[in-house]
Structures are given as C-alpha cells and as structure tokens.
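Notes for the one structure printed next.
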Amino acid sequence: MRHHSERVKIQTNGRSLQDISHVVQRVVIESRIERGQCTVFIHHTSASLIISENADPDVRADLEVYLAKLVQDGDPSYSHRSEGADDMAAHIRSVLTQTSLAIPIDRGRAALGTWQGVYLWEHRYRAHTRELTISILGE
C-alpha cells in the first residue's frame with residue numbers, strides 16, 4: 001500500500017462553484033497509484049466540496065439559487081455576524097454540503113463518471129484563497 005498527499009491552494013472569485021477536477025486528476029496521476037482511493041479535504045468552514053454535473057452550467061446556477069432560498073444571507077435570527085451578512089450563511093452552507101470527498105482511483109485516474117466534476121463551492125461574497133489536501137492511498 002502506498003500513500004501520496006499534496007496540499008494545494010485554490011483562488012476563488014467569490015460566491016460560485018469552481019471546477020477543480022483537473023487539479024484532483026493531476027494529483028492522482030502524479031501519485032502513480034493505479035488503484036485505490038482519493039480523498040479531497042477542504043480546510044475551511046465557509047466553503048465546501050461537491051461532485052456534480054459538469055456539462056450544463058445551468059445545474060450550478062440552479063444549485064446556487066436553491067441554496068440561497070434555503071439559507072438566506074443576513075437572516076436576523078443569526079447571532080454570528082462578525083464578518084458580514086454572508087458569514088453565518090456560509091457556515092451553514094458548508095455544513096449542509098461536504099468538506100471532504102472520496103473518489104475511487106482506477107487505472108491511475110480519478111474514476112469520475114462521464115458527467116461528473118469536482119467543485120469547490122465558495123460560499124462567501126469576496127474572493128478567498130482556499131487550501132485543500134488531496135490524499136491518495138492505494139497500489
């Protein structure tokens with residue numbers, strides 16, 4: 001059993017879904033592990049990770065519309081407001097989505113489905129530099 005891990009930084013442009021599939025795939029390929037599992041972990045509480053449709057950008061727009069209805073920025077019932085109207089909403093969004101993903105590795109590549117992409121979902125209005133750890137375990 002072999003292990004490879006890399007910490008990467010991703011620059012976001014504010015609230016949006018950013019495709020990071022190419023970053024994950026690069027780390028998997030460079031690991032030279034043929035079969036195993038890739039774990040992607042985000043080191044933040046106001047951004048998250050998802051696997052979603054990668055062909056039609058309307059899917060990502062609709063996800064944002066849905067989550068904006070579910071978790072409203074600046075809700076007066078929130079006590080935590082230290083960093084602005086999007087602060088507590090960003091934390092809730094992160095809890096409702098995922099902070100880590102497990103992706104199988106087959107033949108030296110992340111075995112995503114044809115229409116799947118790995119996305120970093122920035123939940124804050126302004127741009128941030130987000131850190132991820134991508135770990136590969138296998139043979």
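To be explicit about the labels: the chains of the structure tokens are called A, B, and onward in the order shown, and within each one the residues are counted from 1, while ligands get numbers from 1 in the order they are shown.
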- prompt: Contacts of segment 55-65 of chain A at 9 Å or less, counting only C-alpha atoms, minus same-chain residues fewer than 2 places along, as a ChimeraX atom specification?
  reply: /A:15-17,52-53,67-70,115-117
Atoms to include: N, CA and C atoms. Write the selected residues as a compact mmCIF listing (two decimals), in the first residue's frame.
```txt
# COMPACT_ATOMS: atom_id res chain seq x y z
N ARG A 15 -18.52 34.08 -4.26
CA ARG A 15 -19.55 33.03 -4.27
C ARG A 15 -19.74 32.44 -5.67
N SER A 16 -19.40 31.17 -5.78
CA SER A 16 -19.53 30.46 -7.06
C SER A 16 -19.09 29.02 -6.87
N LEU A 17 -19.37 28.23 -7.89
CA LEU A 17 -18.88 26.85 -7.96
C LEU A 17 -17.72 26.83 -8.96
N SER A 52 -20.72 17.13 -8.93
CA SER A 52 -21.96 17.49 -9.60
C SER A 52 -21.80 17.39 -11.12
N GLU A 53 -22.89 17.64 -11.81
CA GLU A 53 -22.96 17.70 -13.27
C GLU A 53 -21.90 18.66 -13.80
N LEU A 67 -29.85 26.85 -2.89
CA LEU A 67 -29.22 27.03 -1.59
C LEU A 67 -29.47 28.45 -1.04
N ALA A 68 -29.54 29.44 -1.92
CA ALA A 68 -29.84 30.82 -1.49
C ALA A 68 -31.24 30.92 -0.88
N LYS A 69 -32.18 30.13 -1.39
CA LYS A 69 -33.53 30.11 -0.81
C LYS A 69 -33.52 29.39 0.53
N LEU A 70 -32.75 28.33 0.62
CA LEU A 70 -32.69 27.51 1.82
C LEU A 70 -31.95 28.21 2.97
N TRP A 115 -20.31 12.56 -16.65
CA TRP A 115 -20.89 13.89 -16.45
C TRP A 115 -20.60 14.45 -15.07
N GLN A 116 -19.60 13.90 -14.38
CA GLN A 116 -19.28 14.36 -13.03
C GLN A 116 -18.05 15.27 -13.02
N GLY A 117 -18.12 16.30 -12.20
CA GLY A 117 -16.99 17.17 -11.95
C GLY A 117 -16.87 17.41 -10.46
```
With only C-alpha atoms counted and 7 Å as the cut-off, give the residues of segment 110-131 of chain A in contact with segment 19-43 of chain A, each with its shortest interatomic distance in Å and the pair that gives it, as a tab-separated table.
```
residue	atom	partner	partner_atom	distance
A:Ala110	CA	A:Gln25	CA	5.9
A:Gly117	CA	A:Ser21	CA	5.6
A:Val118	CA	A:Ser21	CA	4.8
A:Tyr119	CA	A:Asp19	CA	4.5
A:Leu120	CA	A:Asp19	CA	6.5
A:Glu131	CA	A:His43	CA	5.7
```
Keeping only N, CA and C atoms, take the residues you just selected and write them out as a CSV table (one decimal), in the first residue's frame.
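Generated file (again31.csv):
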```
chain,number,residue,atom,x,y,z
A,110,ALA,N,-8.6,9.4,-11.4
A,110,ALA,CA,-9.8,9.5,-10.6
A,110,ALA,C,-11.0,9.1,-11.4
A,117,GLY,N,-18.1,16.3,-12.2
A,117,GLY,CA,-17.0,17.2,-12.0
A,117,GLY,C,-16.9,17.4,-10.5
A,118,VAL,N,-15.6,17.7,-10.0
A,118,VAL,CA,-15.4,18.0,-8.6
A,118,VAL,C,-15.4,19.6,-8.5
A,119,TYR,N,-16.2,20.1,-7.6
A,119,TYR,CA,-16.3,21.5,-7.5
A,119,TYR,C,-16.0,22.0,-6.1
A,120,LEU,N,-15.3,23.1,-6.0
A,120,LEU,CA,-15.1,23.9,-4.8
A,120,LEU,C,-16.2,24.9,-4.8
A,131,GLU,N,-7.5,26.3,0.9
A,131,GLU,CA,-6.5,25.2,0.9
A,131,GLU,C,-7.2,23.9,0.9
```
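Shortest separation to Thr129 of chain A among A:Met88, A:Met1, A:Ile105, A:Ile10 occurs at residue A:Ile10, atoms counted being only C-alpha atoms.
Using only C-alpha atoms, the smallest distance between any of A:Val71, A:Leu137, A:Ile50, A:Val8 and Trp121 of chain A comes from A:Ile50.
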- prompt: Taking the backbone alone, and naming residues the way the document does, which bits of chain A are alpha helix (DSSP H) by DSSP, as an MDAnalysis selection string?
  reply: chainID A and resid 21:31 57:70 87:96
- prompt: Could you pull out the strand (DSSP E) residues of chain A from DSSP and send them as a PyMOL selection string?
  reply: chain A and resi 2-11+16-19+36-42+47-53+100-106+109-110+116-122+129-138
